[in-house]
$ cat input-v7.pdb   # PDB, C-alpha atoms
ATOM      1  CA  MET A   1      -2.831 -18.463  10.002
ATOM      2  CA  THR A   2      -3.662 -17.167   6.531
ATOM      3  CA  SER A   3      -1.325 -14.212   6.979
ATOM      4  CA  ARG A   4       1.495 -16.566   8.006
ATOM      5  CA  ILE A   5       0.987 -18.708   4.901
ATOM      6  CA  LEU A   6       0.870 -15.611   2.705
ATOM      7  CA  GLY A   7       4.011 -14.268   4.362
ATOM      8  CA  ALA A   8       5.848 -17.532   3.794
ATOM      9  CA  ALA A   9       4.785 -17.597   0.147
ATOM     10  CA  LEU A  10       5.986 -14.033  -0.389
ATOM     11  CA  ALA A  11       9.303 -14.830   1.286
ATOM     12  CA  ALA A  12       9.783 -17.882  -0.948
ATOM     13  CA  ALA A  13       8.967 -15.820  -4.036
ATOM     14  CA  THR A  14      11.477 -13.197  -2.947
ATOM     15  CA  ILE A  15      14.184 -15.850  -2.548
ATOM     16  CA  VAL A  16      13.460 -17.287  -6.007
ATOM     17  CA  SER A  17      13.542 -13.807  -7.503
ATOM     18  CA  ALA A  18      16.786 -12.983  -5.735
ATOM     19  CA  ASN A  19      18.383 -16.227  -6.911
ATOM     20  CA  ALA A  20      17.318 -15.549 -10.491
ATOM     21  CA  TYR A  21      18.845 -12.077 -10.328
ATOM     22  CA  ALA A  22      21.985 -13.345  -8.642
ATOM     23  CA  ALA A  23      22.392 -15.912 -11.370
ATOM     24  CA  GLY A  24      22.914 -13.164 -13.943
ATOM     25  CA  LEU A  25      21.667 -15.319 -16.854
ATOM     26  CA  THR A  26      18.114 -16.554 -17.373
ATOM     27  CA  LEU A  27      17.219 -18.787 -20.335
ATOM     28  CA  TYR A  28      13.688 -19.150 -21.744
ATOM     29  CA  THR A  29      12.229 -21.890 -23.933
ATOM     30  CA  GLN A  30      10.222 -19.437 -26.048
ATOM     31  CA  PRO A  31      11.122 -16.183 -27.814
ATOM     32  CA  ASP A  32      10.310 -12.893 -26.047
ATOM     33  CA  PHE A  33      11.091 -14.385 -22.606
ATOM     34  CA  ALA A  34       8.123 -16.755 -22.585
ATOM     35  CA  GLY A  35       7.737 -20.422 -21.702
ATOM     36  CA  GLN A  36       9.776 -22.350 -19.151
ATOM     37  CA  GLN A  37      12.724 -20.468 -17.677
ATOM     38  CA  ARG A  38      15.957 -21.449 -15.970
ATOM     39  CA  ALA A  39      18.269 -19.208 -13.932
ATOM     40  CA  VAL A  40      21.857 -20.283 -14.494
ATOM     41  CA  GLN A  41      24.206 -19.985 -11.541
ATOM     42  CA  GLY A  42      27.909 -19.856 -12.260
ATOM     43  CA  GLU A  43      28.424 -22.899 -14.465
ATOM     44  CA  GLU A  44      26.164 -25.454 -16.160
ATOM     45  CA  PRO A  45      28.347 -27.897 -18.136
ATOM     46  CA  ASP A  46      25.347 -30.032 -19.117
ATOM     47  CA  LEU A  47      21.760 -28.771 -19.320
ATOM     48  CA  SER A  48      20.305 -32.171 -20.245
ATOM     49  CA  GLY A  49      18.485 -32.523 -16.910
ATOM     50  CA  SER A  50      17.156 -28.976 -16.760
ATOM     51  CA  GLY A  51      14.460 -29.077 -19.427
ATOM     52  CA  LEU A  52      16.354 -26.359 -21.323
ATOM     53  CA  GLN A  53      18.624 -28.588 -23.406
ATOM     54  CA  ASP A  54      18.146 -27.655 -27.075
ATOM     55  CA  GLN A  55      15.158 -25.528 -26.062
ATOM     56  CA  ALA A  56      16.531 -22.069 -25.219
ATOM     57  CA  SER A  57      15.006 -19.417 -27.481
ATOM     58  CA  SER A  58      15.609 -16.162 -25.591
ATOM     59  CA  ALA A  59      17.726 -14.913 -22.700
ATOM     60  CA  ARG A  60      18.203 -12.126 -20.197
ATOM     61  CA  VAL A  61      21.610 -11.192 -18.786
ATOM     62  CA  ASP A  62      21.360  -9.082 -15.643
ATOM     63  CA  SER A  63      25.087  -9.022 -14.946
ATOM     64  CA  GLY A  64      28.371 -10.494 -16.108
ATOM     65  CA  ARG A  65      29.438 -12.030 -19.418
ATOM     66  CA  TRP A  66      28.113 -15.511 -20.177
ATOM     67  CA  GLN A  67      29.293 -18.122 -22.629
ATOM     68  CA  VAL A  68      26.558 -20.379 -24.035
ATOM     69  CA  CYS A  69      27.485 -23.379 -26.185
ATOM     70  CA  THR A  70      25.688 -25.923 -28.356
ATOM     71  CA  GLN A  71      27.380 -28.969 -26.808
ATOM     72  CA  PRO A  72      27.963 -30.113 -23.211
ATOM     73  CA  GLY A  73      31.237 -29.111 -21.627
ATOM     74  CA  PHE A  74      31.283 -25.705 -23.369
ATOM     75  CA  LYS A  75      32.018 -27.157 -26.783
ATOM     76  CA  GLY A  76      30.456 -26.709 -30.218
ATOM     77  CA  ASP A  77      29.292 -23.286 -31.394
ATOM     78  CA  CYS A  78      29.750 -20.789 -28.529
ATOM     79  CA  VAL A  79      28.491 -17.233 -28.148
ATOM     80  CA  VAL A  80      29.255 -14.713 -25.408
ATOM     81  CA  LEU A  81      26.262 -12.750 -24.107
ATOM     82  CA  GLY A  82      26.823  -9.491 -22.261
ATOM     83  CA  PRO A  83      24.278  -7.620 -20.094
ATOM     84  CA  GLY A  84      21.013  -7.046 -21.942
ATOM     85  CA  GLU A  85      17.896  -8.720 -23.313
ATOM     86  CA  TYR A  86      17.954 -11.187 -26.191
ATOM     87  CA  SER A  87      14.335 -11.671 -27.278
ATOM     88  CA  ARG A  88      15.413 -14.238 -29.862
ATOM     89  CA  LEU A  89      18.779 -15.977 -29.769
ATOM     90  CA  GLU A  90      20.786 -15.871 -32.969
ATOM     91  CA  PRO A  91      20.363 -18.827 -35.377
ATOM     92  CA  ARG A  92      23.699 -20.447 -34.442
ATOM     93  CA  ILE A  93      22.469 -21.191 -30.903
ATOM     94  CA  PHE A  94      18.661 -21.007 -31.235
ATOM     95  CA  HIS A  95      17.201 -24.210 -29.697
ATOM     96  CA  ARG A  96      20.741 -25.594 -29.446
ATOM     97  CA  VAL A  97      22.112 -24.463 -26.066
ATOM     98  CA  GLU A  98      23.468 -27.383 -24.001
ATOM     99  CA  SER A  99      25.921 -25.647 -21.617
ATOM    100  CA  ALA A 100      26.493 -22.191 -20.147
ATOM    101  CA  ARG A 101      28.958 -20.520 -17.803
ATOM    102  CA  LEU A 102      29.905 -17.162 -16.323
ATOM    103  CA  LEU A 103      33.170 -15.781 -17.630
ATOM    104  CA  GLY A 104      35.470 -14.176 -15.066
ATOM    105  CA  GLY A 105      36.036 -10.453 -15.303
ATOM    106  CA  GLU A 106      39.687 -10.898 -16.290
ATOM    107  CA  GLN A 107      39.142 -13.958 -18.499
ATOM    108  CA  ARG A 108      39.582 -13.377 -22.207
ATOM    109  CA  TYR A 109      36.623 -14.594 -24.217
ATOM    110  CA  GLN A 110      37.230 -17.949 -25.852
ATOM    111  CA  ARG A 111      37.927 -17.711 -29.543
ATOM    112  CA  TYR A 112      35.913 -19.785 -31.969
ATOM    113  CA  SER A 113      36.103 -20.296 -35.701
ATOM    114  CA  ARG A 114      33.489 -22.418 -37.393
ATOM    115  CA  TYR A 115      36.231 -23.698 -39.685
ATOM    116  CA  SER A 116      39.228 -24.150 -37.420
ATOM    117  CA  GLY A 117      37.615 -24.935 -34.065
ATOM    118  CA  TYR A 118      38.907 -23.523 -30.788
ATOM    119  CA  ASP A 119      42.028 -21.450 -30.727
ATOM    120  CA  GLU A 120      43.494 -19.551 -27.795
ATOM    121  CA  GLY A 121      44.892 -16.998 -30.221
ATOM    122  CA  SER A 122      42.944 -14.793 -32.573
ATOM    123  CA  GLY A 123      42.040 -15.325 -36.210
ATOM    124  CA  PRO A 124      42.753 -13.049 -39.180
ATOM    125  CA  LEU A 125      39.388 -11.310 -38.696
ATOM    126  CA  GLU A 126      37.555 -10.920 -35.378
ATOM    127  CA  LEU A 127      33.821 -10.127 -35.308
ATOM    128  CA  PHE A 128      32.003  -8.504 -32.383
ATOM    129  CA  ALA A 129      28.264  -8.110 -31.786
ATOM    130  CA  ALA A 130      28.548  -4.667 -30.185
ATOM    131  CA  THR A 131      30.652  -1.581 -30.751
ATOM    132  CA  SER A 132      34.009  -1.144 -28.985
ATOM    133  CA  TYR A 133      34.836  -4.861 -29.393
ATOM    134  CA  ARG A 134      32.164  -6.157 -27.008
ATOM    135  CA  GLY A 135      30.281  -9.442 -27.392
ATOM    136  CA  HIS A 136      32.735 -11.619 -29.330
ATOM    137  CA  VAL A 137      30.905 -13.599 -32.024
ATOM    138  CA  MET A 138      33.577 -15.492 -33.935
ATOM    139  CA  ASP A 139      36.934 -15.397 -35.687
ATOM    140  CA  VAL A 140      36.912 -15.709 -39.475
ATOM    141  CA  ASP A 141      39.676 -17.294 -41.513
ATOM    142  CA  ARG A 142      38.117 -17.706 -44.971
ATOM    143  CA  ASP A 143      35.355 -16.381 -47.233
ATOM    144  CA  MET A 144      31.795 -16.641 -45.906
ATOM    145  CA  PRO A 145      29.241 -15.984 -48.684
ATOM    146  CA  ARG A 146      26.224 -16.135 -46.329
ATOM    147  CA  LEU A 147      25.833 -15.106 -42.696
ATOM    148  CA  GLY A 148      22.793 -15.097 -40.418
ATOM    149  CA  ALA A 149      19.262 -16.290 -41.071
ATOM    150  CA  ARG A 150      17.762 -15.878 -44.529
ATOM    151  CA  ASP A 151      18.687 -12.346 -45.712
ATOM    152  CA  GLU A 152      18.759 -10.703 -42.294
ATOM    153  CA  GLY A 153      22.539 -10.747 -41.954
ATOM    154  CA  LEU A 154      24.545 -11.185 -38.775
ATOM    155  CA  GLY A 155      24.596  -8.732 -35.873
ATOM    156  CA  ILE A 156      28.136  -7.353 -36.160
ATOM    157  CA  SER A 157      29.052  -3.850 -34.998
ATOM    158  CA  SER A 158      32.858  -3.818 -34.619
ATOM    159  CA  VAL A 159      35.772  -5.748 -36.102
ATOM    160  CA  VAL A 160      39.490  -6.296 -35.661
ATOM    161  CA  VAL A 161      41.602  -7.150 -38.719
ATOM    162  CA  ASN A 162      44.757  -8.952 -37.644
ATOM    163  CA  ASP A 163      45.856 -10.074 -41.096
ATOM    164  CA  GLY A 164      44.921  -9.265 -44.683
ATOM    165  CA  VAL A 165      42.252  -7.027 -46.181
ATOM    166  CA  TRP A 166      38.599  -8.014 -45.736
ATOM    167  CA  GLN A 167      35.368  -6.958 -47.410
ATOM    168  CA  LEU A 168      32.090  -6.996 -45.447
ATOM    169  CA  CYS A 169      28.801  -6.732 -47.347
ATOM    170  CA  SER A 170      25.214  -6.220 -46.196
ATOM    171  CA  GLU A 171      23.792  -9.011 -48.383
ATOM    172  CA  PRO A 172      24.743 -12.646 -49.074
ATOM    173  CA  GLY A 173      26.967 -13.305 -52.061
ATOM    174  CA  PHE A 174      29.036 -10.168 -51.460
ATOM    175  CA  ARG A 175      26.251  -7.899 -52.644
ATOM    176  CA  GLY A 176      24.570  -4.794 -51.247
ATOM    177  CA  ASN A 177      26.534  -2.176 -49.329
ATOM    178  CA  CYS A 178      30.161  -3.262 -49.000
ATOM    179  CA  GLU A 179      33.063  -1.846 -47.019
ATOM    180  CA  THR A 180      36.730  -2.856 -47.128
ATOM    181  CA  TYR A 181      38.834  -3.067 -43.957
ATOM    182  CA  ASP A 182      42.636  -3.146 -43.857
ATOM    183  CA  ARG A 183      44.626  -4.309 -40.833
ATOM    184  CA  GLY A 184      43.505  -2.398 -37.760
ATOM    185  CA  HIS A 185      40.773  -1.917 -35.140
ATOM    186  CA  TYR A 186      37.310  -0.664 -36.110
ATOM    187  CA  ARG A 187      35.212   0.019 -33.017
ATOM    188  CA  ASP A 188      32.103   0.947 -35.066
ATOM    189  CA  ILE A 189      31.436  -0.234 -38.627
ATOM    190  CA  GLY A 190      28.744   2.385 -39.244
ATOM    191  CA  ARG A 191      26.196   1.623 -41.936
ATOM    192  CA  LEU A 192      26.925  -2.098 -41.780
ATOM    193  CA  ASN A 193      26.086  -2.319 -38.059
ATOM    194  CA  ASN A 194      23.949  -5.413 -37.349
ATOM    195  CA  GLN A 195      23.542  -6.323 -41.000
ATOM    196  CA  VAL A 196      26.629  -8.119 -42.259
ATOM    197  CA  GLY A 197      25.441 -10.700 -44.804
ATOM    198  CA  SER A 198      28.749 -11.931 -46.270
ATOM    199  CA  ILE A 199      32.503 -11.645 -45.758
ATOM    200  CA  ARG A 200      35.489 -12.328 -47.975
ATOM    201  CA  ARG A 201      39.203 -11.736 -47.997
ATOM    202  CA  VAL A 202      40.307  -9.426 -50.805
ATOM    203  CA  GLY A 203      43.938  -8.874 -49.947
TER     204      GLY A 203
END

$ encode --input "input-v7.pdb" --output "structure tokens"
Amino acid sequence: MTSRILGAALAAATIVSANAYAAGLTLYTQPDFAGQQRAVQGEEPDLSGSGLQDQASSARVDSGRWQVCTQPGFKGDCVVLGPGEYSRLEPRIFHRVESARLLGGEQRYQRYSRYSGYDEGSGPLELFAATSYRGHVMDVDRDMPRLGARDEGLGISSVVVNDGVWQLCSEPGFRGNCETYDRGHYRDIGRLNNQVGSIRRVG
């Protein structure tokens, strides 16, 4: 009898584990993948009944590209998370996630500008979290004297300049190490990787 109960428990645990993996995205209420967790399956337009609303602090992405947003219905500030571990979500979405969904393989990531709102096109300057234009963060259409939390800067590793000439600096207020980018594609921004503290248009 005991062996049957144990077998059933192991089977249930295996199913839960498989579902979590199949979901692709797992959200946690505490940094470093601690606290309550929730496996997201396909699309969650409103996390208010899940216990994760405005609580997500870290995330794991086993597969796929996931869009997480700060308002229900995939509105507000949105970030796309690719496969990997995020021990602490970036300040824009930390403790603010209210909806999440899997993006189709052929679907273009949704553009977002904190100034202009949603736009199906692309802004003058596109910022990406990873090299080779992966992990779209935002489009920029005006000067931004401070990015990220405190003086840590924002995790940017590649950029696309569609219009104008832009200067990226490692510290707020356009200080520190600065590089200027003319129109073009930059799949790796080198010494500024993961530490862009301010951005401004210079041409």

$ closest_residue --input "input-v7.pdb" --among "A:Ser50, A:Gln55, A:Asn177, A:Ser99" --to "A:Gly73" --atoms "only C-alpha atoms"
A:Ser99

$ resolve_selection --input "input-v7.pdb" --expression "the PyMOL selection byres ((chain A and resi 52) around 9)" --output "PyMOL selection string"
chain A and resi 27-29+36-38+47-51+53-56+95+97-98

$ resolve_selection --input "input-v7.pdb" --expression "the PyMOL selection byres ((chain A and resi 197) around 12)" --output "ChimeraX atom specification"
/A:143-156,167-179,192-196,198-200

$ atom_distance --input "input-v7.pdb" --atom1 "atom CA of A:Gly135" --atom2 "atom CA of A:Asp77"
14.4 Å

$ atom_distance --input "input-v7.pdb" --atom1 "atom CA of A:Ile189" --atom2 "atom CA of A:Ser158"
5.6 Å
